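Trainee: I am sharing data-v4.tsv, which consists of TSV, C-alpha atoms:
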```tsv
chain	number	residue	atom	x	y	z
A	1	MET	CA	16.64	-15.01	-16.39
A	2	LEU	CA	13.31	-13.50	-17.31
A	3	GLN	CA	13.08	-9.78	-16.74
A	4	ILE	CA	9.99	-8.21	-15.13
A	5	LYS	CA	10.57	-5.23	-17.45
A	6	LYS	CA	10.06	-7.52	-20.44
A	7	ILE	CA	6.79	-8.86	-18.97
A	8	GLU	CA	5.53	-5.34	-18.29
A	9	GLU	CA	6.19	-4.48	-21.94
A	10	MET	CA	4.37	-7.62	-23.10
A	11	ILE	CA	1.32	-6.90	-20.91
A	12	SER	CA	1.32	-3.33	-22.16
A	13	MET	CA	1.31	-4.65	-25.74
A	14	ILE	CA	-1.48	-7.17	-25.02
A	15	LEU	CA	-3.60	-4.35	-23.58
A	16	THR	CA	-3.02	-2.06	-26.55
A	17	ILE	CA	-3.77	-4.76	-29.14
A	18	GLY	CA	-6.80	-5.95	-27.13
A	19	ILE	CA	-8.32	-2.47	-27.00
A	20	LEU	CA	-7.69	-1.92	-30.73
A	21	ILE	CA	-9.40	-5.20	-31.67
A	22	SER	CA	-12.25	-4.61	-29.21
A	23	THR	CA	-13.03	-1.00	-30.22
A	24	SER	CA	-12.75	-1.88	-33.94
A	25	LEU	CA	-15.34	-4.65	-33.56
A	26	VAL	CA	-17.60	-2.42	-31.46
A	27	LEU	CA	-17.31	0.45	-33.97
A	28	ILE	CA	-18.04	-1.77	-36.99
A	29	GLY	CA	-20.98	-3.41	-35.21
A	30	GLY	CA	-22.23	-0.02	-34.02
A	31	PHE	CA	-22.14	1.50	-37.52
A	32	MET	CA	-23.93	-1.54	-38.97
A	33	TYR	CA	-26.56	-1.31	-36.24
A	34	LEU	CA	-27.17	2.40	-36.88
A	35	LEU	CA	-27.37	1.83	-40.66
A	36	GLN	CA	-29.97	-0.89	-40.17
A	37	PHE	CA	-32.00	0.43	-37.25
A	38	GLY	CA	-30.95	4.11	-36.97
A	39	ASN	CA	-34.37	5.43	-38.04
A	40	HIS	CA	-36.34	3.14	-35.70
A	41	ASP	CA	-38.01	4.60	-32.64
A	42	MET	CA	-35.79	4.34	-29.57
A	43	ASN	CA	-38.53	3.61	-27.06
A	44	THR	CA	-39.95	0.56	-28.85
A	45	GLU	CA	-36.43	-0.73	-29.43
A	46	LEU	CA	-35.24	-0.31	-25.83
A	47	SER	CA	-38.40	-1.63	-24.23
A	48	GLN	CA	-37.89	-4.98	-25.92
A	49	THR	CA	-36.71	-7.38	-23.30
A	50	VAL	CA	-33.36	-9.04	-23.86
A	51	SER	CA	-33.02	-9.07	-27.64
A	52	TYR	CA	-29.30	-9.76	-27.42
A	53	ALA	CA	-27.28	-12.82	-26.58
A	54	THR	CA	-26.18	-13.23	-22.96
A	55	ASN	CA	-24.51	-16.58	-23.33
A	56	MET	CA	-20.97	-17.17	-24.63
A	57	LYS	CA	-22.17	-19.72	-27.20
A	58	PHE	CA	-24.93	-17.45	-28.54
A	59	ILE	CA	-22.66	-14.40	-28.69
A	60	TRP	CA	-20.24	-16.44	-30.75
A	61	GLN	CA	-23.01	-17.63	-33.07
A	62	SER	CA	-24.54	-14.19	-33.59
A	63	ALA	CA	-21.10	-12.69	-34.25
A	64	LEU	CA	-20.31	-15.34	-36.85
A	65	SER	CA	-23.59	-14.58	-38.60
A	66	VAL	CA	-22.27	-10.97	-38.77
A	67	SER	CA	-25.26	-9.49	-36.95
A	68	PRO	CA	-24.51	-5.91	-35.76
A	69	LEU	CA	-25.27	-6.58	-32.09
A	70	GLY	CA	-23.34	-9.85	-32.25
A	71	LEU	CA	-20.25	-8.00	-33.50
A	72	ILE	CA	-20.53	-5.44	-30.68
A	73	GLU	CA	-20.81	-8.22	-28.12
A	74	LEU	CA	-17.82	-10.00	-29.63
A	75	GLY	CA	-15.87	-6.75	-29.23
A	76	LEU	CA	-16.89	-6.54	-25.56
A	77	LEU	CA	-15.85	-10.17	-25.04
A	78	ALA	CA	-12.48	-9.40	-26.64
A	79	LEU	CA	-12.02	-6.74	-23.97
A	80	VAL	CA	-12.66	-9.28	-21.21
A	81	ALA	CA	-10.45	-11.85	-22.96
A	82	THR	CA	-7.61	-9.29	-22.92
A	83	GLN	CA	-7.78	-9.26	-19.11
A	84	ILE	CA	-7.67	-13.08	-18.99
A	85	LEU	CA	-4.68	-13.06	-21.32
A	86	ARG	CA	-2.65	-10.66	-19.21
A	87	VAL	CA	-3.31	-12.59	-15.99
A	88	GLY	CA	-2.42	-15.80	-17.87
A	89	LEU	CA	0.87	-14.25	-18.92
A	90	LEU	CA	1.67	-13.48	-15.26
A	91	VAL	CA	0.87	-17.08	-14.24
A	92	TRP	CA	3.41	-18.23	-16.80
A	93	PHE	CA	5.97	-15.60	-15.75
A	94	TYR	CA	5.81	-16.37	-12.01
A	95	SER	CA	6.05	-20.11	-12.59
A	96	ALA	CA	9.00	-19.56	-14.95
A	97	ILE	CA	10.92	-17.68	-12.23
A	98	HIS	CA	9.87	-20.35	-9.66
A	99	ASP	CA	7.91	-17.89	-7.53
A	100	TYR	CA	5.26	-20.37	-6.46
A	101	VAL	CA	3.31	-18.13	-4.06
A	102	PHE	CA	2.67	-15.64	-6.83
A	103	THR	CA	2.01	-18.41	-9.34
A	104	LEU	CA	-0.80	-19.58	-7.05
A	105	ILE	CA	-2.09	-16.04	-6.53
A	106	SER	CA	-2.27	-15.36	-10.28
A	107	LEU	CA	-3.78	-18.81	-10.90
A	108	PHE	CA	-6.53	-18.01	-8.39
A	109	ILE	CA	-7.30	-14.71	-10.16
A	110	LEU	CA	-7.24	-16.44	-13.55
A	111	PHE	CA	-9.63	-19.10	-12.25
A	112	THR	CA	-12.06	-16.50	-10.84
A	113	LEU	CA	-12.00	-14.58	-14.15
A	114	ILE	CA	-12.80	-17.67	-16.22
A	115	TYR	CA	-15.31	-19.00	-13.70
A	116	SER	CA	-17.29	-15.73	-13.69
A	117	LEU	CA	-17.40	-15.80	-17.48
A	118	ILE	CA	-18.87	-19.30	-17.66
A	119	TRP	CA	-21.01	-18.81	-14.54
A	120	ARG	CA	-24.71	-19.53	-15.12
A	121	ASN	CA	-27.76	-18.99	-12.98
B	122	MET	CA	-36.53	10.06	-30.71
B	123	THR	CA	-34.86	7.79	-33.26
B	124	ILE	CA	-32.08	5.39	-32.34
B	125	LEU	CA	-29.58	7.43	-34.36
B	126	ILE	CA	-30.24	10.59	-32.33
B	127	PHE	CA	-30.34	8.65	-29.04
B	128	SER	CA	-26.96	7.02	-29.78
B	129	ALA	CA	-25.41	10.33	-30.87
B	130	LEU	CA	-26.58	12.03	-27.64
B	131	LEU	CA	-25.25	9.12	-25.57
B	132	LEU	CA	-21.90	9.43	-27.34
B	133	VAL	CA	-21.65	13.17	-26.60
B	134	PHE	CA	-22.60	12.79	-22.93
B	135	ALA	CA	-20.32	9.78	-22.48
B	136	PHE	CA	-17.51	11.88	-23.96
B	137	LEU	CA	-18.17	14.67	-21.43
B	138	ALA	CA	-18.42	12.14	-18.59
B	139	GLY	CA	-15.09	10.66	-19.67
B	140	ILE	CA	-13.42	14.10	-19.56
B	141	LEU	CA	-14.94	14.89	-16.15
B	142	GLY	CA	-13.95	11.44	-14.84
B	143	ALA	CA	-10.35	11.90	-15.94
B	144	LEU	CA	-10.05	15.44	-14.57
B	145	THR	CA	-11.44	14.56	-11.14
B	146	GLY	CA	-9.64	11.22	-11.01
B	147	LEU	CA	-12.96	9.50	-10.28
B	148	GLY	CA	-13.11	7.65	-13.59
B	149	GLY	CA	-15.79	7.70	-16.25
B	150	GLY	CA	-18.11	5.18	-14.58
B	151	VAL	CA	-19.03	7.28	-11.56
B	152	VAL	CA	-20.14	10.11	-13.86
B	153	ILE	CA	-21.81	8.21	-16.72
B	154	ILE	CA	-24.19	6.14	-14.56
B	155	PRO	CA	-26.15	9.12	-13.13
B	156	VAL	CA	-26.16	10.74	-16.58
B	157	LEU	CA	-27.75	7.62	-18.09
B	158	VAL	CA	-30.23	7.20	-15.25
B	159	LEU	CA	-31.25	10.84	-14.69
B	160	LEU	CA	-31.05	12.24	-18.22
B	161	PHE	CA	-31.82	9.26	-20.44
B	162	HIS	CA	-34.02	7.28	-18.03
B	163	VAL	CA	-32.01	4.14	-18.71
B	164	ASN	CA	-32.62	1.23	-16.32
B	165	ILE	CA	-29.90	1.43	-13.63
B	166	HIS	CA	-28.82	-2.19	-14.28
B	167	LEU	CA	-28.14	-1.41	-17.94
B	168	ALA	CA	-26.40	1.87	-17.01
B	169	MET	CA	-24.11	-0.08	-14.67
B	170	GLY	CA	-23.38	-2.63	-17.39
B	171	ALA	CA	-22.44	0.04	-19.93
B	172	SER	CA	-20.29	1.77	-17.31
B	173	LEU	CA	-18.50	-1.43	-16.31
B	174	ILE	CA	-17.42	-2.06	-19.91
B	175	SER	CA	-16.23	1.55	-20.31
B	176	VAL	CA	-14.23	1.15	-17.11
B	177	ILE	CA	-12.43	-1.95	-18.41
B	178	ALA	CA	-11.63	-0.20	-21.68
B	179	THR	CA	-10.28	3.05	-20.22
B	180	SER	CA	-8.30	1.46	-17.41
B	181	SER	CA	-6.71	-0.98	-19.89
B	182	GLY	CA	-5.70	1.93	-22.09
B	183	THR	CA	-4.12	3.95	-19.31
B	184	ALA	CA	-2.58	0.88	-17.63
B	185	SER	CA	-0.84	0.09	-20.91
B	186	ALA	CA	0.85	3.51	-20.92
B	187	TYR	CA	1.71	3.48	-17.19
B	188	LEU	CA	3.31	0.01	-17.36
B	189	ARG	CA	5.95	1.35	-19.75
B	190	GLU	CA	6.80	4.21	-17.37
B	191	GLY	CA	7.77	1.83	-14.55
B	192	TYR	CA	5.54	3.11	-11.72
B	193	THR	CA	3.17	0.13	-11.52
B	194	ASN	CA	3.95	-2.45	-8.80
B	195	LEU	CA	2.74	-5.73	-10.32
B	196	ARG	CA	3.32	-7.79	-7.16
B	197	ILE	CA	1.22	-5.49	-5.01
B	198	GLY	CA	-1.41	-5.28	-7.75
B	199	MET	CA	-1.74	-9.05	-8.10
B	200	PHE	CA	-1.62	-9.75	-4.36
B	201	LEU	CA	-4.38	-7.24	-3.54
B	202	GLU	CA	-6.38	-8.43	-6.53
B	203	THR	CA	-7.13	-11.68	-4.64
B	204	THR	CA	-9.66	-10.03	-2.30
B	205	ALA	CA	-10.77	-7.56	-5.00
B	206	VAL	CA	-11.90	-10.33	-7.38
B	207	ILE	CA	-13.78	-12.14	-4.59
B	208	GLY	CA	-15.55	-8.87	-3.75
B	209	ALA	CA	-16.30	-8.19	-7.42
B	210	PHE	CA	-17.78	-11.66	-7.88
B	211	ILE	CA	-20.02	-11.44	-4.80
B	212	GLY	CA	-21.01	-7.84	-5.58
B	213	ALA	CA	-22.14	-8.73	-9.10
B	214	LEU	CA	-24.16	-11.69	-7.77
B	215	LEU	CA	-25.85	-9.53	-5.11
B	216	ILE	CA	-27.37	-7.15	-7.71
B	217	ALA	CA	-29.97	-9.75	-8.61
B	218	VAL	CA	-31.33	-9.87	-5.04
B	219	LEU	CA	-31.09	-6.15	-4.17
B	220	SER	CA	-33.70	-3.59	-5.15
B	221	LYS	CA	-32.94	-0.84	-7.67
B	222	THR	CA	-33.84	1.73	-5.01
B	223	PHE	CA	-31.18	0.35	-2.70
B	224	LEU	CA	-28.58	0.41	-5.51
B	225	THR	CA	-29.48	4.01	-6.36
B	226	ILE	CA	-29.15	5.09	-2.72
B	227	LEU	CA	-25.83	3.26	-2.38
B	228	PHE	CA	-24.64	4.93	-5.56
B	229	SER	CA	-25.47	8.41	-4.27
B	230	PHE	CA	-23.45	7.68	-1.12
B	231	LEU	CA	-20.54	6.55	-3.29
B	232	LEU	CA	-20.77	9.94	-5.06
B	233	PHE	CA	-20.69	11.86	-1.74
B	234	PHE	CA	-17.77	9.80	-0.47
B	235	SER	CA	-15.81	10.22	-3.71
B	236	ALA	CA	-16.41	13.96	-3.67
B	237	TYR	CA	-15.16	14.16	-0.09
B	238	LEU	CA	-11.98	12.24	-0.91
B	239	THR	CA	-11.40	14.44	-3.95
B	240	ILE	CA	-11.58	17.65	-1.94
B	241	LYS	CA	-9.56	16.41	1.04
B	242	ARG	CA	-5.99	17.57	0.65
B	243	ARG	CA	-3.55	14.72	0.51
B	244	GLU	CA	-0.62	14.68	2.88
B	245	GLU	CA	2.76	13.37	1.87
B	246	HIS	CA	3.92	10.32	3.84
B	247	GLU	CA	7.04	10.20	5.91
B	248	GLN	CA	9.84	7.88	4.79
B	249	TYR	CA	9.50	4.50	6.48
B	250	GLN	CA	12.51	2.52	7.70
B	251	ASP	CA	10.72	-0.83	8.10
B	252	SER	CA	8.24	-2.80	6.05
B	253	HIS	CA	5.23	-4.81	7.23
B	254	PRO	CA	6.23	-8.49	7.82
B	255	TRP	CA	3.86	-9.67	5.06
B	256	ALA	CA	5.43	-7.18	2.68
B	257	ILE	CA	8.86	-8.64	3.41
B	258	ALA	CA	7.67	-12.23	2.99
B	259	LEU	CA	5.92	-11.44	-0.30
B	260	LYS	CA	8.65	-9.06	-1.53
B	261	LEU	CA	6.18	-6.22	-2.07
B	262	ASP	CA	8.64	-3.34	-1.56
B	263	GLY	CA	9.70	-1.62	-4.74
B	264	ASN	CA	11.05	1.52	-6.33
B	265	TYR	CA	9.90	4.11	-8.82
B	266	PRO	CA	11.65	6.48	-11.21
B	267	LEU	CA	12.35	10.08	-10.21
B	268	LYS	CA	13.99	12.55	-12.61
B	269	ASP	CA	17.52	11.22	-12.24
B	270	ARG	CA	17.36	8.11	-10.01
B	271	LEU	CA	15.22	5.29	-8.60
B	272	GLU	CA	13.55	6.03	-5.26
B	273	SER	CA	12.67	2.99	-3.13
B	274	TYR	CA	9.65	2.69	-0.82
B	275	ARG	CA	8.62	0.41	2.04
B	276	VAL	CA	5.17	-1.12	2.23
B	277	GLN	CA	3.08	-0.78	5.42
B	278	ASN	CA	-0.27	-2.21	6.60
B	279	VAL	CA	-0.90	-5.11	4.14
B	280	PRO	CA	-3.90	-6.78	5.94
B	281	LEU	CA	-5.83	-3.49	6.09
B	282	ALA	CA	-5.16	-2.90	2.37
B	283	LEU	CA	-6.44	-6.41	1.57
B	284	PHE	CA	-9.63	-5.65	3.51
B	285	ILE	CA	-10.27	-2.29	1.82
B	286	MET	CA	-9.56	-3.93	-1.54
B	287	GLY	CA	-12.27	-6.52	-0.86
B	288	ILE	CA	-14.75	-3.70	-0.15
B	289	ALA	CA	-13.56	-1.89	-3.29
B	290	GLY	CA	-14.23	-5.04	-5.33
B	291	LEU	CA	-17.66	-5.45	-3.76
B	292	ILE	CA	-18.63	-1.84	-4.59
B	293	ALA	CA	-17.23	-2.22	-8.12
B	294	GLY	CA	-19.33	-5.34	-8.72
B	295	LEU	CA	-22.45	-3.91	-7.06
B	296	LEU	CA	-22.44	-0.59	-8.88
B	297	GLY	CA	-20.58	-1.19	-12.14
B	298	VAL	CA	-17.79	1.26	-11.38
B	299	GLY	CA	-14.01	0.88	-11.22
B	300	SER	CA	-13.75	1.78	-7.50
B	301	GLY	CA	-10.52	3.58	-8.32
B	302	THR	CA	-10.97	5.99	-5.41
B	303	LEU	CA	-11.18	3.14	-2.88
B	304	LYS	CA	-8.32	1.23	-4.47
B	305	VAL	CA	-6.07	4.27	-4.33
B	306	LEU	CA	-7.20	4.85	-0.73
B	307	ALA	CA	-6.07	1.32	0.23
B	308	MET	CA	-2.64	1.75	-1.30
B	309	ASP	CA	-2.14	5.39	-0.31
B	310	GLN	CA	-3.45	5.28	3.27
B	311	ALA	CA	-2.87	1.63	4.30
B	312	LEU	CA	0.20	0.57	2.32
B	313	ARG	CA	1.59	4.15	2.34
B	314	LEU	CA	2.77	3.91	-1.24
B	315	PRO	CA	3.95	6.99	-3.16
B	316	TYR	CA	0.86	8.52	-4.78
B	317	LYS	CA	1.94	7.88	-8.38
B	318	VAL	CA	2.61	4.20	-7.59
B	319	ALA	CA	-0.80	3.92	-5.89
B	320	THR	CA	-2.73	5.44	-8.81
B	321	THR	CA	-0.93	3.47	-11.53
B	322	THR	CA	-1.19	0.16	-9.66
B	323	SER	CA	-4.90	0.86	-9.03
B	324	ASN	CA	-5.30	1.41	-12.76
B	325	PHE	CA	-3.60	-1.89	-13.48
B	326	MET	CA	-6.05	-3.66	-11.16
B	327	ILE	CA	-9.33	-2.02	-12.23
B	328	GLY	CA	-9.59	-3.86	-15.57
B	329	ILE	CA	-9.17	-7.28	-13.96
B	330	THR	CA	-11.63	-6.61	-11.10
B	331	ALA	CA	-14.23	-5.21	-13.51
B	332	ALA	CA	-13.79	-8.15	-15.92
B	333	VAL	CA	-14.79	-10.56	-13.12
B	334	SER	CA	-18.05	-8.64	-12.56
B	335	ALA	CA	-18.58	-8.35	-16.33
B	336	GLY	CA	-18.83	-12.13	-16.66
B	337	ILE	CA	-21.85	-12.16	-14.35
B	338	TYR	CA	-23.32	-8.95	-15.82
B	339	PHE	CA	-23.27	-10.65	-19.25
B	340	SER	CA	-25.20	-13.68	-18.06
B	341	HIS	CA	-27.79	-11.51	-16.29
B	342	GLY	CA	-28.31	-9.44	-19.43
B	343	TYR	CA	-27.13	-6.20	-17.78
B	344	ILE	CA	-24.82	-5.46	-20.71
B	345	ASP	CA	-27.00	-4.20	-23.54
B	346	PRO	CA	-24.88	-3.73	-26.68
B	347	LYS	CA	-27.27	-1.02	-27.98
B	348	ILE	CA	-26.53	1.24	-25.00
B	349	THR	CA	-22.99	0.07	-24.35
B	350	PHE	CA	-21.45	0.85	-27.74
B	351	PRO	CA	-21.95	4.65	-27.81
B	352	VAL	CA	-21.15	4.87	-24.09
B	353	MET	CA	-17.93	2.86	-24.35
B	354	ILE	CA	-16.63	4.79	-27.38
B	355	GLY	CA	-17.58	8.15	-25.84
B	356	VAL	CA	-16.02	7.43	-22.45
B	357	ILE	CA	-12.75	6.16	-24.01
B	358	ILE	CA	-12.31	9.26	-26.19
B	359	GLY	CA	-13.36	11.51	-23.30
B	360	SER	CA	-10.96	9.93	-20.82
B	361	PHE	CA	-8.01	10.27	-23.15
B	362	THR	CA	-8.93	13.86	-23.94
B	363	GLY	CA	-9.22	14.56	-20.21
B	364	ALA	CA	-5.83	12.99	-19.51
B	365	LYS	CA	-4.30	15.20	-22.25
B	366	ILE	CA	-5.65	18.47	-20.86
B	367	LEU	CA	-5.12	17.53	-17.20
B	368	PRO	CA	-1.54	18.88	-16.91
B	369	LYS	CA	-2.56	22.19	-18.53
B	370	ILE	CA	-5.29	23.20	-16.11
B	371	HIS	CA	-5.44	24.46	-12.55
B	372	THR	CA	-6.66	21.22	-10.97
B	373	ARG	CA	-7.15	22.13	-7.31
B	374	LEU	CA	-9.90	24.68	-7.99
B	375	LEU	CA	-11.49	22.52	-10.71
B	376	ARG	CA	-11.51	19.52	-8.41
B	377	ILE	CA	-13.50	21.47	-5.82
B	378	ILE	CA	-15.99	22.71	-8.42
B	379	PHE	CA	-16.40	19.21	-9.87
B	380	SER	CA	-16.81	17.71	-6.41
B	381	ILE	CA	-19.70	20.08	-5.74
B	382	VAL	CA	-21.24	19.06	-9.09
B	383	ILE	CA	-20.82	15.38	-8.15
B	384	CYS	CA	-22.53	16.03	-4.78
B	385	LEU	CA	-25.45	17.70	-6.54
B	386	ILE	CA	-25.78	14.71	-8.88
B	387	GLY	CA	-25.69	12.45	-5.81
B	388	LEU	CA	-28.48	14.47	-4.16
B	389	GLN	CA	-30.59	14.21	-7.32
B	390	MET	CA	-30.11	10.42	-7.39
B	391	LEU	CA	-30.99	10.15	-3.72
B	392	TYR	CA	-34.12	12.24	-4.33
B	393	ASN	CA	-35.11	10.04	-7.28
B	394	ALA	CA	-34.66	6.91	-5.21
B	395	LEU	CA	-36.65	8.12	-2.21
B	396	PHE	CA	-39.56	10.04	-3.80
```
What is this file in structure tokens?
Mentor:
Amino acid sequence: MLQIKKIEEMISMILTIGILISTSLVLIGGFMYLLQFGNHDMNTELSQTVSYATNMKFIWQSALSVSPLGLIELGLLALVATQILRVGLLVWFYSAIHDYVFTLISLFILFTLIYSLIWRN
Amino acid sequence: MTILIFSALLLVFAFLAGILGALTGLGGGVVIIPVLVLLFHVNIHLAMGASLISVIATSSGTASAYLREGYTNLRIGMFLETTAVIGAFIGALLIAVLSKTFLTILFSFLLFFSAYLTIKRREEHEQYQDSHPWAIALKLDGNYPLKDRLESYRVQNVPLALFIMGIAGLIAGLLGVGSGTLKVLAMDQALRLPYKVATTTSNFMIGITAAVSAGIYFSHGYIDPKITFPVMIGVIIGSFTGAKILPKIHTRLLRIIFSIVICLIGLQMLYNALF
């Protein structure tokens, strides 16, 4: 029989690893950004309208091209992915112990999480 | 001002906001948004985006530690998350059609309300003999560790908690905060959970609720990596520092002082929005 204690430990581990990966990516991207653009004027830089990717596909592409902002965004996505992963783990856990009400509840939350991420105007 | 100096200043202020958020129990988001808007003149949408990300990061970090201690009630957390995620989704969608003035005014009211809840002295609940019928059907009752034994608790008004949680999600999505105060309110006042169980379960939920809003924030371009990275790093370090020093300080008095500060910030935001 699966123990809830075990699942709590696994979720705790997922969260810790997720934050480590996410903050590492954000820190590396942030340092690269400051090295490249640190001496630029803030006002001209911030007034530029959307100079960063807002679409999953573009974030992925700009991260793979190792652009500083792309790496930061990948780090932020990793943070969101961590949340999806922990809800996914609960879906699996509740179905494994045949608790179907809670399997449905966690599935609904998982669906909303993924749907909001791929949601487009 | 160069980007380097701007980022360094953001980092320092985010760090301070993180400490203040942890000490008051309000969370970093409620404090960092007015700082960004009033001090750095950042667009409120981008301030909310940066805050939302910081909220996911800090709540994930603390939830990870709390889960090991055995206070968090996963069943209650997941069940109440159903209305919270719907609220968070709708809230994030509504931003696009609401004016920035309205959001700023709403935010200042959230600050007043949070300050009020912080000052109000909490009363301990009586021990309940019965649970709400929904709580029995869904097996929501649980127990939590005391020094030498496990103490069990019975769950009360589930429908009311679901309703408040939906509002909490809506506010979280609308304003880019964790809505921890409202979440705790739902579990403390409606479900009548022991306070430690309420706060840790709220923490478990915040990351998931905020992640739902984050998806929509991303696609609207509210999450600017240039502003978000120093804010996120600063708030994380600040929150953990705040949590470390929390047991060592006289919180009751500090809470009152901080609540007054938060009210003043709220007044400033209200003034900015109206004049």
Trainee: As an exercise, work out the distance from CA of Ala168 (chain B) to CA of Phe127 (chain B) in Å and give it to one decimal place.
Mentor: 14.4 Å
Trainee: When you draw a straight line from CA of Ala171 (chain B) to CA of Lys347 (chain B), how long is it in Å?
Mentor: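 If I compute the distance from CA of Ala171 (chain B) to CA of Lys347 (chain B), I get 9.4 Å.
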Trainee: What does the distance between CA of Leu367 (chain B) and CA of Phe379 (chain B) come to in Å, to one decimal place?
Mentor: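 That distance, rounded to one decimal, is 13.6 Å.
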Trainee: Give the residues of chain B that lie within 6 Å of chain A; count all atoms listed in the file, and format the answer as a ChimeraX atom specification.
Mentor: /B:122-125,181,185,188,329,332-333,336-337,339-340,342
Trainee: Would you export the selected residues with C-alpha atoms as a PDB file, in the coordinates of the input, please?
Mentor:
```pdb
ATOM      1  CA  MET B 122     -36.530  10.060 -30.710  1.00  0.00           C
ATOM      2  CA  THR B 123     -34.860   7.790 -33.260  1.00  0.00           C
ATOM      3  CA  ILE B 124     -32.080   5.390 -32.340  1.00  0.00           C
ATOM      4  CA  LEU B 125     -29.580   7.430 -34.360  1.00  0.00           C
ATOM      5  CA  SER B 181      -6.710  -0.980 -19.890  1.00  0.00           C
ATOM      6  CA  SER B 185      -0.840   0.090 -20.910  1.00  0.00           C
ATOM      7  CA  LEU B 188       3.310   0.010 -17.360  1.00  0.00           C
ATOM      8  CA  ILE B 329      -9.170  -7.280 -13.960  1.00  0.00           C
ATOM      9  CA  ALA B 332     -13.790  -8.150 -15.920  1.00  0.00           C
ATOM     10  CA  VAL B 333     -14.790 -10.560 -13.120  1.00  0.00           C
ATOM     11  CA  GLY B 336     -18.830 -12.130 -16.660  1.00  0.00           C
ATOM     12  CA  ILE B 337     -21.850 -12.160 -14.350  1.00  0.00           C
ATOM     13  CA  PHE B 339     -23.270 -10.650 -19.250  1.00  0.00           C
ATOM     14  CA  SER B 340     -25.200 -13.680 -18.060  1.00  0.00           C
ATOM     15  CA  GLY B 342     -28.310  -9.440 -19.430  1.00  0.00           C
TER      16      GLY B 342
END
```
Trainee: Show me as number ranges by chain the residues that reach within 8 Å of (-17.0, -10.5, -5.7), counting all atoms listed in the file and using the file's own coordinates.
Mentor: B: 205-214, 287, 290-291, 294, 333-334
Trainee: Write out as JSON an axis-aligned box for region 74-81 of chain A: all of its atoms listed in the file, 4 Å added on each side, centre and edge lengths in Å with one decimal.
Mentor:
```
{"center_x": -14.1, "center_y": -9.2, "center_z": -25.4, "size_x": 15.4, "size_y": 13.3, "size_z": 16.4}
```
Trainee: Write out as a ChimeraX atom specification which residues come within 6 Å of region 143-152 of chain B when counting all atoms listed in the file, dropping same-chain ones fewer than 2 positions away.
Mentor: /B:138-141,154,172,298,360,363-364,367,376
Trainee: For the selection just defined, write its residues with C-alpha atoms to a file, as a PDB file, keeping the file's coordinate frame.
Mentor:
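The file below, part.pdb, is the result:
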```pdb
ATOM      1  CA  ALA B 138     -18.420  12.140 -18.590  1.00  0.00           C
ATOM      2  CA  GLY B 139     -15.090  10.660 -19.670  1.00  0.00           C
ATOM      3  CA  ILE B 140     -13.420  14.100 -19.560  1.00  0.00           C
ATOM      4  CA  LEU B 141     -14.940  14.890 -16.150  1.00  0.00           C
ATOM      5  CA  ILE B 154     -24.190   6.140 -14.560  1.00  0.00           C
ATOM      6  CA  SER B 172     -20.290   1.770 -17.310  1.00  0.00           C
ATOM      7  CA  VAL B 298     -17.790   1.260 -11.380  1.00  0.00           C
ATOM      8  CA  SER B 360     -10.960   9.930 -20.820  1.00  0.00           C
ATOM      9  CA  GLY B 363      -9.220  14.560 -20.210  1.00  0.00           C
ATOM     10  CA  ALA B 364      -5.830  12.990 -19.510  1.00  0.00           C
ATOM     11  CA  LEU B 367      -5.120  17.530 -17.200  1.00  0.00           C
ATOM     12  CA  ARG B 376     -11.510  19.520  -8.410  1.00  0.00           C
TER      13      ARG B 376
END
```
Trainee: With all atoms listed in the file as the basis for distance, which of B:Leu259, B:Phe234, B:Ala335, B:Phe228 is at the shortest distance from Tyr100 (chain A)?
Mentor: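 Among the listed residues, the smallest separation from Tyr100 (chain A) belongs to B:Leu259.
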Trainee: Report as a list in words all protein, DNA and RNA residues lying within 6 Å of Gly299 (chain B), evaluated on all atoms listed in the file, omitting residues in the same chain fewer than 5 positions from it.
Mentor: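 What passes the distance filter is Val176, Ala293 and Ile327 of chain B.
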